[in-house]
>>> print(open('data.cif').read())   # mmCIF, C-alpha atoms
data_protein
#
loop_
_atom_site.label_atom_id
_atom_site.label_comp_id
_atom_site.auth_asym_id
_atom_site.auth_seq_id
_atom_site.Cartn_x
_atom_site.Cartn_y
_atom_site.Cartn_z
CA MET A 29 97.24 56.99 68.25
CA ALA A 30 100.75 56.17 69.36
CA ASP A 31 101.68 56.62 73.00
CA PRO A 32 103.52 59.87 73.73
CA ILE A 33 107.28 59.69 73.86
CA GLN A 34 108.68 60.60 77.28
CA ILE A 35 111.93 62.57 77.19
CA GLY A 36 113.68 63.30 80.48
CA LEU A 37 113.01 62.23 84.05
CA GLN A 38 109.53 61.82 85.46
CA ASN A 39 108.38 63.32 88.78
CA GLN A 40 110.68 66.34 88.36
CA LYS A 41 109.53 69.95 88.23
CA VAL A 42 110.41 71.79 85.04
CA TYR A 43 110.13 75.52 85.69
CA GLN A 44 108.92 77.65 82.80
CA SER A 45 110.78 80.75 81.66
CA ASP A 46 107.77 83.07 81.96
CA GLN A 47 107.87 84.25 85.61
CA PRO A 48 106.21 87.70 85.86
CA LEU A 49 106.76 90.05 88.82
CA ILE A 50 104.51 93.08 89.54
CA LEU A 51 105.41 95.97 91.83
CA ASN A 52 102.22 97.70 93.03
CA PRO A 53 102.01 101.45 93.77
CA ASP A 54 101.51 100.85 97.51
CA GLY A 55 104.79 98.92 97.84
CA SER A 56 103.29 95.43 97.73
CA SER A 57 104.32 92.95 95.07
CA GLN A 58 103.02 89.84 93.41
CA ALA A 59 104.68 87.22 91.26
CA SER A 60 103.78 83.93 89.65
CA ILE A 61 105.81 80.85 88.79
CA THR A 62 104.75 78.00 86.55
CA PHE A 63 106.27 74.54 86.50
CA LYS A 64 105.32 71.37 84.66
CA ILE A 65 105.66 67.85 85.90
CA SER A 66 105.18 64.63 83.99
CA VAL A 67 102.52 63.04 86.18
CA ASP A 68 98.75 63.34 86.17
CA MET A 69 97.05 65.92 88.38
CA LEU A 70 96.28 63.56 91.25
CA GLN A 71 99.91 62.49 91.49
CA ALA A 72 101.10 66.11 91.11
CA ARG A 73 99.21 67.36 94.16
CA PRO A 74 102.08 66.71 96.65
CA TYR A 75 104.32 68.93 94.52
CA PHE A 76 102.09 72.00 94.88
CA PRO A 77 103.58 74.76 97.07
CA ALA A 78 101.83 75.10 100.43
CA TYR A 79 100.11 78.31 101.45
CA LEU A 80 102.71 80.86 102.69
CA ASP A 81 105.65 78.94 101.21
CA PRO A 82 108.32 81.51 100.21
CA HIS A 83 109.00 82.44 96.62
CA PRO A 84 112.19 80.66 95.43
CA TYR A 85 113.93 83.96 94.52
CA PHE A 86 112.14 86.55 96.67
CA PRO A 87 111.48 84.99 100.09
CA GLN A 88 109.51 88.09 101.17
CA LEU A 89 106.75 86.91 98.81
CA LYS A 90 104.54 84.12 100.13
CA ALA A 91 102.41 81.60 98.23
CA TYR A 92 98.80 82.76 98.00
CA GLU A 93 97.02 80.50 95.51
CA THR A 94 97.83 77.71 93.08
CA SER A 95 96.09 76.59 89.92
CA ALA A 96 96.78 73.43 87.91
CA THR A 97 95.93 72.25 84.43
CA GLN A 98 96.08 68.70 83.07
CA GLU A 99 97.84 68.61 79.69
CA ASN A 100 98.15 65.88 77.13
CA GLY A 101 100.68 63.18 77.81
CA LYS A 102 100.12 62.98 81.57
CA ILE A 103 101.69 66.40 82.13
CA THR A 104 100.40 68.75 84.80
CA SER A 105 101.03 72.50 84.54
CA VAL A 106 101.06 74.23 87.94
CA THR A 107 101.02 78.03 88.48
CA THR A 108 101.47 79.56 91.93
CA THR A 109 100.85 83.23 92.75
CA TYR A 110 102.88 84.87 95.51
CA HIS A 111 102.16 88.09 97.44
CA GLY A 112 104.46 90.13 99.64
CA VAL A 113 106.27 93.41 100.24
CA LEU A 114 109.53 94.14 98.45
CA ALA A 115 109.71 97.88 99.18
CA ASN A 116 111.85 99.18 102.05
CA ASN A 117 110.12 100.44 105.20
CA SER A 118 111.23 104.00 104.45
CA ASP A 119 109.70 103.78 100.98
CA LEU A 120 106.40 102.41 102.35
CA ASN A 121 105.75 105.71 104.17
CA ASP A 122 105.96 107.59 100.87
CA LEU A 123 103.79 104.99 99.11
CA ALA A 124 100.92 105.16 101.64
CA GLN A 125 97.48 105.97 100.25
CA ILE A 126 95.98 109.13 101.79
CA GLU A 127 92.35 110.27 102.12
CA TYR A 128 91.28 113.60 103.62
CA ALA A 129 87.78 115.03 103.96
CA ARG A 130 86.40 118.27 105.38
CA VAL A 131 83.00 117.33 106.74
CA LEU A 132 80.09 118.50 108.88
CA SER A 133 78.72 116.58 111.86
CA GLU A 134 75.75 117.23 114.13
CA ALA A 135 76.19 118.67 117.64
CA PRO A 136 73.86 120.26 120.27
CA ILE A 137 73.21 123.90 119.46
CA GLU A 138 74.22 125.09 122.94
CA THR A 139 77.76 123.82 122.21
CA HIS A 140 78.12 126.18 119.24
CA PRO A 141 81.15 128.48 119.73
CA ARG A 142 78.79 131.46 119.56
CA TYR A 143 77.25 130.34 122.85
CA ALA A 144 79.92 128.15 124.50
CA PHE A 145 83.28 129.81 123.90
CA PRO A 146 85.54 130.63 125.58
CA LEU A 147 85.04 127.49 127.65
CA ASP A 148 86.38 129.04 130.86
CA ASN A 149 83.93 131.97 130.62
CA PRO A 150 81.10 131.13 128.18
CA PRO A 151 78.63 133.87 127.20
CA ILE A 152 75.77 131.52 128.07
CA THR A 153 76.33 129.67 131.33
CA PRO A 154 74.92 126.28 132.35
CA PHE A 155 72.59 128.22 134.71
CA ASP A 156 71.26 130.15 131.69
CA ILE A 157 70.70 126.94 129.73
CA ASP A 158 68.73 125.44 132.63
CA ALA A 159 66.51 128.54 132.71
CA ILE A 160 65.92 128.37 128.95
CA GLU A 161 65.01 124.66 129.13
CA LEU A 162 62.63 125.30 132.04
CA ALA A 163 60.89 128.11 130.14
CA LEU A 164 60.50 125.86 127.09
CA GLN A 165 59.08 122.98 129.16
CA ASN A 166 56.58 125.29 130.88
CA CYS A 167 55.65 127.01 127.59
CA THR A 168 56.34 130.42 129.12
CA GLY A 169 58.21 133.43 127.86
CA LEU A 170 61.86 133.93 128.51
CA PRO A 171 62.32 134.88 132.19
CA SER A 172 64.97 137.13 133.61
CA LEU A 173 68.07 134.98 133.27
CA ILE A 174 70.80 135.24 135.85
CA GLN A 175 73.95 135.47 133.76
CA ASN A 176 76.36 134.28 136.45
CA GLY A 177 74.11 132.33 138.77
CA PRO A 178 72.30 133.28 141.97
CA ASP A 179 75.01 135.69 143.14
CA ALA A 180 74.28 138.09 140.27
CA GLY A 181 70.93 139.15 141.72
CA ASN A 182 67.40 138.36 140.70
CA ASN A 183 66.91 141.31 138.39
CA ALA A 184 69.68 140.58 135.86
CA PRO A 185 68.08 140.81 132.38
CA PRO A 186 68.65 138.06 129.81
CA THR A 187 71.53 138.72 127.45
CA LEU A 188 70.92 139.06 123.74
CA LEU A 189 72.58 135.69 123.17
CA CYS A 190 70.30 134.06 125.73
CA GLN A 191 67.29 135.50 123.95
CA GLU A 192 68.67 134.32 120.62
CA LEU A 193 69.27 130.76 121.83
CA PHE A 194 65.81 130.65 123.47
CA LYS A 195 64.13 131.68 120.19
CA LYS A 196 66.07 129.11 118.17
CA LYS A 197 65.23 126.25 120.51
CA ARG A 198 61.59 127.38 120.60
CA LYS A 199 61.59 127.01 116.79
CA GLY A 200 62.81 123.43 117.20
CA ILE A 201 66.47 124.05 116.37
CA GLU A 202 68.22 121.70 118.78
CA SER A 203 71.44 121.08 116.88
CA TYR A 204 73.81 122.52 114.29
CA TYR A 205 76.40 121.13 111.91
CA LYS A 206 79.92 121.71 113.13
CA LEU A 207 82.90 121.70 110.81
CA GLY A 208 85.43 118.92 111.14
CA SER A 209 87.98 116.86 109.23
CA THR A 210 88.77 113.20 108.79
CA TYR A 211 92.12 111.79 107.75
CA ARG A 212 92.81 108.21 106.64
CA VAL A 213 96.16 106.65 105.82
CA SER A 214 96.37 103.17 104.28
CA TYR A 215 99.63 101.31 103.77
CA CYS A 216 101.02 97.81 103.51
CA SER A 217 103.47 95.92 105.66
CA SER A 218 104.89 92.44 106.07
CA ASP A 219 103.52 92.25 109.63
CA PRO A 220 100.31 93.25 111.44
CA PRO A 221 100.42 96.48 113.49
CA ASP A 222 101.94 96.03 116.92
CA ALA A 223 100.44 96.93 120.29
CA SER A 224 102.13 100.34 120.38
CA LEU A 225 99.80 101.55 117.61
CA ILE A 226 96.69 99.71 118.79
CA ASN A 227 97.07 101.21 122.27
CA LYS A 228 96.92 104.74 120.81
CA ILE A 229 93.31 104.37 119.69
CA GLY A 230 91.24 107.02 121.49
CA LYS A 231 94.24 109.29 122.10
CA GLN A 232 95.07 112.74 120.78
CA PHE A 233 97.76 113.74 118.31
CA THR A 234 98.72 117.41 118.07
CA SER A 235 100.21 116.67 114.64
CA LEU A 236 100.52 113.84 112.15
CA PRO A 237 103.25 113.09 109.61
CA SER A 238 103.05 114.92 106.29
CA PRO A 239 100.91 115.23 104.21
CA ALA A 240 98.31 115.43 106.99
CA PRO A 241 97.13 119.07 107.35
CA THR A 242 98.45 120.84 110.44
CA PRO A 243 95.65 121.23 113.03
CA PRO A 244 94.56 124.78 113.85
CA GLU A 245 95.52 126.14 117.26
CA ASN A 246 93.79 124.36 120.16
CA GLN A 247 92.67 121.50 117.92
CA ALA A 248 94.06 117.96 117.62
CA TYR A 249 93.55 114.69 115.82
CA LEU A 250 91.99 111.70 117.57
CA LEU A 251 92.90 108.17 116.45
CA MET A 252 89.45 106.67 115.86
CA GLY A 253 90.47 103.18 114.83
CA VAL A 254 93.01 100.85 113.22
CA SER A 255 92.06 98.01 110.91
CA TRP A 256 94.18 95.48 109.05
CA SER A 257 93.85 92.45 106.83
CA ARG A 258 96.42 89.91 105.70
CA ARG A 259 96.72 88.40 102.24
CA SER A 260 99.57 85.88 102.37
CA GLY A 261 102.73 88.05 102.60
CA VAL A 262 100.92 91.41 102.52
CA VAL A 263 99.25 93.09 105.51
CA ASN A 264 97.08 96.09 104.56
CA ILE A 265 96.72 98.56 107.45
CA THR A 266 94.36 101.53 107.74
CA GLU A 267 94.46 104.27 110.39
CA ASP A 268 91.49 106.65 110.80
CA TYR A 269 91.79 110.04 112.49
CA GLN A 270 89.26 112.78 113.24
CA LEU A 271 90.10 116.41 113.86
CA SER A 272 88.49 118.02 116.90
CA GLY A 273 86.36 121.12 116.79
CA VAL A 274 87.30 124.46 118.29
CA GLY A 275 88.60 123.93 121.81
CA GLY A 276 90.03 120.48 121.17
CA TRP A 277 89.23 117.12 122.73
CA ASP A 278 88.59 116.80 126.45
CA PRO A 279 91.98 115.77 127.89
CA ASP A 280 90.31 113.91 130.76
CA LEU A 281 88.59 111.62 128.27
CA TYR A 282 91.17 111.58 125.48
CA PRO A 283 94.77 111.86 126.71
CA LEU A 284 97.68 112.78 124.48
CA ALA A 285 99.43 109.91 122.73
CA THR A 286 103.00 109.26 123.79
CA ALA A 287 105.81 108.15 121.52
#
>>> encode(input="data.cif", output="C-alpha coordinates")
Amino acid sequence: MADPIQIGLQNQKVYQSDQPLILNPDGSSQASITFKISVDMLQARPYFPAYLDPHPYFPQLKAYETSATQENGKITSVTTTYHGVLANNSDLNDLAQIEYARVLSEAPIETHPRYAFPLDNPPITPFDIDAIELALQNCTGLPSLIQNGPDAGNNAPPTLLCQELFKKKRKGIESYYKLGSTYRVSYCSSDPPDASLINKIGKQFTSLPSPAPTPPENQAYLLMGVSWSRRSGVVNITEDYQLSGVGGWDPDLYPLATA
(Lines of atoms letter the chains of each structure in order from A and count residues from 1; the text may use other names and numbers.)
(Lines give C-alpha, C1' and ligand atoms only; values in the text may rest on other atoms or scores of the structure.)
Protein backbone atom coordinates (compact mmCIF):
# COMPACT_ATOMS: atom_id res chain seq x y z
CA MET A 1 0.00 0.00 0.00
CA ALA A 2 1.32 3.39 -0.98
CA ASP A 3 2.02 5.94 1.73
CA PRO A 4 -0.75 8.50 2.20
CA ILE A 5 -0.32 11.80 0.44
CA GLN A 6 -0.10 14.74 2.84
CA ILE A 7 -1.81 17.91 1.63
CA GLY A 8 -1.43 21.07 3.71
CA LEU A 9 0.61 21.89 6.79
CA GLN A 10 1.22 19.42 9.58
CA ASN A 11 0.71 20.21 13.29
CA GLN A 12 -2.16 22.60 12.51
CA LYS A 13 -5.69 22.24 13.80
CA VAL A 14 -8.35 21.92 11.12
CA TYR A 15 -11.73 22.70 12.67
CA GLN A 16 -14.69 20.75 11.33
CA SER A 17 -17.88 22.45 10.18
CA ASP A 18 -20.17 20.42 12.45
CA GLN A 19 -20.21 22.39 15.74
CA PRO A 20 -23.51 21.72 17.57
CA LEU A 21 -24.84 23.99 20.33
CA ILE A 22 -27.64 22.95 22.74
CA LEU A 23 -29.67 25.33 24.91
CA ASN A 24 -31.14 23.43 27.87
CA PRO A 25 -34.50 24.31 29.48
CA ASP A 26 -32.84 25.45 32.72
CA GLY A 27 -30.72 28.08 30.95
CA SER A 28 -27.52 26.04 30.77
CA SER A 29 -25.88 25.26 27.45
CA GLN A 30 -23.49 22.78 25.98
CA ALA A 31 -21.53 22.74 22.75
CA SER A 32 -18.93 20.59 21.06
CA ILE A 33 -16.14 21.37 18.63
CA THR A 34 -14.15 18.89 16.60
CA PHE A 35 -10.77 19.52 15.01
CA LYS A 36 -8.36 17.24 13.19
CA ILE A 37 -4.62 17.42 13.24
CA SER A 38 -2.14 15.51 11.13
CA VAL A 39 -0.12 13.88 13.90
CA ASP A 40 -0.63 10.65 15.80
CA MET A 41 -2.53 10.67 19.09
CA LEU A 42 0.53 10.85 21.33
CA GLN A 43 1.83 13.90 19.51
CA ALA A 44 -1.67 15.46 19.45
CA ARG A 45 -2.06 15.44 23.23
CA PRO A 46 -0.53 18.94 23.77
CA TYR A 47 -3.16 20.36 21.40
CA PHE A 48 -6.10 19.18 23.51
CA PRO A 49 -8.00 22.00 25.26
CA ALA A 50 -7.42 22.07 29.02
CA TYR A 51 -10.28 21.65 31.47
CA LEU A 52 -12.18 24.96 31.83
CA ASP A 53 -10.63 26.48 28.70
CA PRO A 54 -13.22 28.86 27.16
CA HIS A 55 -15.14 28.00 24.02
CA PRO A 56 -13.61 29.89 21.05
CA TYR A 57 -16.93 31.64 20.20
CA PHE A 58 -18.86 31.55 23.48
CA PRO A 59 -16.39 32.22 26.32
CA GLN A 60 -19.14 31.60 28.91
CA LEU A 61 -18.88 27.90 28.00
CA LYS A 62 -15.96 26.04 29.54
CA ALA A 63 -14.24 22.83 28.41
CA TYR A 64 -15.61 19.81 30.25
CA GLU A 65 -14.31 16.70 28.50
CA THR A 66 -12.32 15.76 25.41
CA SER A 67 -12.29 12.60 23.34
CA ALA A 68 -9.85 11.68 20.58
CA THR A 69 -9.80 9.13 17.79
CA GLN A 70 -6.81 7.97 15.75
CA GLU A 71 -7.63 7.94 12.03
CA ASN A 72 -5.77 6.52 9.09
CA GLY A 73 -2.85 8.52 7.79
CA LYS A 74 -1.58 9.69 11.18
CA ILE A 75 -4.58 11.97 11.68
CA THR A 76 -6.10 12.51 15.10
CA SER A 77 -9.71 13.68 15.45
CA VAL A 78 -10.35 15.57 18.70
CA THR A 79 -13.82 16.52 20.06
CA THR A 80 -14.22 18.77 23.10
CA THR A 81 -17.51 19.30 24.94
CA TYR A 82 -18.14 22.64 26.65
CA HIS A 83 -20.68 23.51 29.37
CA GLY A 84 -21.83 26.91 30.58
CA VAL A 85 -24.67 29.39 30.96
CA LEU A 86 -25.71 31.56 28.02
CA ALA A 87 -29.05 32.77 29.43
CA ASN A 88 -29.31 36.18 31.09
CA ASN A 89 -29.68 36.35 34.88
CA SER A 90 -33.23 37.66 34.53
CA ASP A 91 -34.14 34.72 32.32
CA LEU A 92 -32.62 32.20 34.76
CA ASN A 93 -35.26 33.10 37.38
CA ASP A 94 -38.02 32.15 34.94
CA LEU A 95 -36.19 28.96 33.92
CA ALA A 96 -35.76 27.65 37.49
CA GLN A 97 -37.15 24.17 38.19
CA ILE A 98 -39.78 24.18 40.96
CA GLU A 99 -40.98 21.38 43.27
CA TYR A 100 -43.77 21.78 45.83
CA ALA A 101 -45.23 19.17 48.16
CA ARG A 102 -47.98 19.24 50.78
CA VAL A 103 -46.87 16.71 53.37
CA LEU A 104 -47.52 15.36 56.86
CA SER A 105 -44.88 15.16 59.59
CA GLU A 106 -45.00 13.72 63.10
CA ALA A 107 -45.30 15.97 66.18
CA PRO A 108 -46.16 15.45 69.90
CA ILE A 109 -49.91 15.22 70.38
CA GLU A 110 -49.95 17.90 73.09
CA THR A 111 -48.76 20.41 70.45
CA HIS A 112 -51.87 19.84 68.32
CA PRO A 113 -53.74 23.14 67.79
CA ARG A 114 -56.77 21.58 69.50
CA TYR A 115 -54.81 21.52 72.75
CA ALA A 116 -52.08 24.16 72.33
CA PHE A 117 -53.65 27.14 70.56
CA PRO A 118 -53.80 30.02 71.06
CA LEU A 119 -50.22 29.92 72.31
CA ASP A 120 -50.67 32.83 74.72
CA ASN A 121 -53.67 31.16 76.40
CA PRO A 122 -53.76 27.43 75.53
CA PRO A 123 -56.80 25.37 76.56
CA ILE A 124 -54.47 22.82 78.14
CA THR A 125 -51.70 24.42 80.17
CA PRO A 126 -48.25 22.99 80.94
CA PHE A 127 -49.53 22.41 84.50
CA ASP A 128 -52.34 20.26 83.07
CA ILE A 129 -49.90 18.26 80.95
CA ASP A 130 -47.73 17.57 84.00
CA ALA A 131 -50.78 16.28 85.88
CA ILE A 132 -51.76 14.03 82.96
CA GLU A 133 -48.24 12.60 82.69
CA LEU A 134 -48.11 11.97 86.46
CA ALA A 135 -51.45 10.14 86.36
CA LEU A 136 -50.24 7.99 83.46
CA GLN A 137 -46.97 7.13 85.23
CA ASN A 138 -48.80 6.18 88.43
CA CYS A 139 -51.47 4.22 86.52
CA THR A 140 -54.22 6.17 88.26
CA GLY A 141 -57.35 7.80 87.00
CA LEU A 142 -57.43 11.38 85.88
CA PRO A 143 -57.22 13.62 88.97
CA SER A 144 -58.78 17.01 89.39
CA LEU A 145 -56.66 19.14 87.08
CA ILE A 146 -55.99 22.73 87.98
CA GLN A 147 -56.64 24.58 84.73
CA ASN A 148 -54.58 27.65 85.54
CA GLY A 149 -52.15 26.37 88.13
CA PRO A 150 -52.21 26.42 91.93
CA ASP A 151 -54.00 29.78 92.15
CA ALA A 152 -57.19 28.31 90.65
CA GLY A 153 -57.96 26.26 93.76
CA ASN A 154 -57.71 22.57 94.45
CA ASN A 155 -61.24 21.67 93.42
CA ALA A 156 -61.14 22.80 89.77
CA PRO A 157 -62.48 19.87 87.68
CA PRO A 158 -60.59 18.67 84.60
CA THR A 159 -61.76 20.24 81.37
CA LEU A 160 -63.22 18.09 78.62
CA LEU A 161 -60.08 18.63 76.55
CA CYS A 162 -57.89 17.49 79.44
CA GLN A 163 -59.98 14.34 79.74
CA GLU A 164 -59.76 13.81 76.00
CA LEU A 165 -55.97 14.19 75.90
CA PHE A 166 -55.57 11.90 78.94
CA LYS A 167 -57.63 9.14 77.24
CA LYS A 168 -55.67 9.43 73.99
CA LYS A 169 -52.29 9.21 75.71
CA ARG A 170 -53.56 6.29 77.83
CA LYS A 171 -54.34 4.49 74.54
CA GLY A 172 -50.74 5.05 73.46
CA ILE A 173 -51.36 7.98 71.11
CA GLU A 174 -48.31 10.14 71.73
CA SER A 175 -48.09 11.96 68.42
CA TYR A 176 -50.10 13.13 65.42
CA TYR A 177 -49.34 14.04 61.82
CA LYS A 178 -49.32 17.77 61.27
CA LEU A 179 -49.83 19.30 57.86
CA GLY A 180 -46.94 21.13 56.25
CA SER A 181 -45.40 22.08 52.92
CA THR A 182 -41.99 21.86 51.31
CA TYR A 183 -40.77 24.03 48.47
CA ARG A 184 -37.65 23.43 46.36
CA VAL A 185 -36.21 25.67 43.67
CA SER A 186 -33.34 24.49 41.46
CA TYR A 187 -31.53 26.74 39.01
CA CYS A 188 -28.20 27.15 37.30
CA SER A 189 -25.61 29.89 37.47
CA SER A 190 -22.09 30.63 36.31
CA ASP A 191 -20.94 31.02 39.92
CA PRO A 192 -21.54 29.24 43.25
CA PRO A 193 -24.00 30.89 45.67
CA ASP A 194 -22.46 33.68 47.70
CA ALA A 195 -22.40 34.07 51.48
CA SER A 196 -25.53 36.24 51.52
CA LEU A 197 -27.63 33.19 50.62
CA ILE A 198 -25.71 30.66 52.70
CA ASN A 199 -26.09 32.86 55.79
CA LYS A 200 -29.89 32.75 55.45
CA ILE A 201 -30.08 29.03 56.20
CA GLY A 202 -32.19 28.56 59.34
CA LYS A 203 -33.99 31.89 58.91
CA GLN A 204 -37.63 32.68 58.20
CA PHE A 205 -39.17 34.09 55.04
CA THR A 206 -42.68 35.53 55.23
CA SER A 207 -42.91 35.14 51.44
CA LEU A 208 -40.93 33.73 48.54
CA PRO A 209 -40.82 34.81 44.89
CA SER A 210 -43.56 33.49 42.63
CA PRO A 211 -44.60 30.75 41.99
CA ALA A 212 -44.11 29.78 45.66
CA PRO A 213 -47.54 29.62 47.38
CA THR A 214 -48.23 32.51 49.74
CA PRO A 215 -47.99 31.32 53.38
CA PRO A 216 -51.20 31.43 55.43
CA GLU A 217 -51.43 34.07 58.14
CA ASN A 218 -48.96 33.53 61.02
CA GLN A 219 -46.96 30.99 59.01
CA ALA A 220 -43.61 31.38 57.26
CA TYR A 221 -41.05 29.49 55.22
CA LEU A 222 -37.77 28.35 56.76
CA LEU A 223 -34.68 27.94 54.56
CA MET A 224 -33.63 24.38 55.40
CA GLY A 225 -30.55 24.13 53.22
CA VAL A 226 -28.67 25.16 50.09
CA SER A 227 -26.70 22.74 47.94
CA TRP A 228 -24.72 23.26 44.75
CA SER A 229 -22.51 21.37 42.34
CA ARG A 230 -20.28 22.61 39.54
CA ARG A 231 -19.85 21.01 36.14
CA SER A 232 -17.25 23.06 34.27
CA GLY A 233 -19.06 26.33 33.43
CA VAL A 234 -22.40 25.38 35.02
CA VAL A 235 -23.21 25.60 38.74
CA ASN A 236 -26.47 23.86 39.71
CA ILE A 237 -27.98 25.34 42.89
CA THR A 238 -30.87 23.98 44.98
CA GLU A 239 -32.68 25.81 47.79
CA ASP A 240 -35.00 23.87 50.14
CA TYR A 241 -37.71 25.55 52.20
CA GLN A 242 -40.25 24.22 54.71
CA LEU A 243 -43.47 25.93 55.67
CA SER A 244 -44.19 26.22 59.39
CA GLY A 245 -47.30 24.91 61.06
CA VAL A 246 -49.99 27.05 62.64
CA GLY A 247 -48.36 29.68 64.84
CA GLY A 248 -45.18 29.96 62.80
CA TRP A 249 -41.56 29.33 63.72
CA ASP A 250 -40.19 30.39 67.08
CA PRO A 251 -38.58 33.79 66.39
CA ASP A 252 -36.05 33.28 69.20
CA LEU A 253 -34.71 30.21 67.41
CA TYR A 254 -35.35 31.19 63.79
CA PRO A 255 -35.04 34.93 63.13
CA LEU A 256 -36.42 36.63 60.05
CA ALA A 257 -34.10 36.81 57.05
CA THR A 258 -32.97 40.26 56.04
CA ALA A 259 -32.42 41.48 52.50
>>> resolve_selection(input="data.cif", expression="the PyMOL selection byres ((chain A and resi 206-222) around 9)", output="PyMOL selection string")
chain A and resi 54-56+88+112-113+117+120-121+123-135+140+204-205+223-227+240-241+249+254-258+261-273
>>> atom_distance(input="data.cif", atom1="atom CA of A:Ile65", atom2="atom CA of A:Gln44")
10.8 Å
>>> closest_residue(input="data.cif", among="A:Pro74, A:Pro151, A:Pro283, A:Gly230", to="A:Glu192", atoms="all atoms listed in the file")
A:Pro151
>>> resolve_selection(input="data.cif", expression="the PyMOL selection byres ((chain A and resi 79) around 12)", output="list in words")
Phe76, Pro77, Ala78, Leu80, Asp81, Pro82, His83, Leu89, Lys90, Ala91, Tyr92, Glu93, Thr94, Thr108, Thr109, Tyr110, His111, Arg259, Ser260 and Gly261 of chain A
>>> closest_residue(input="data.cif", among="A:Arg73, A:Ala163, A:Phe145, A:Lys102", to="A:Gly276", atoms="only C-alpha atoms")
A:Phe145
>>> atom_distance(input="data.cif", atom1="atom CA of A:Gly275", atom2="atom CA of A:Gly200")
26.2 Å
>>> atom_distance(input="data.cif", atom1="atom CA of A:Ala287", atom2="atom CA of A:Ser238")
16.9 Å
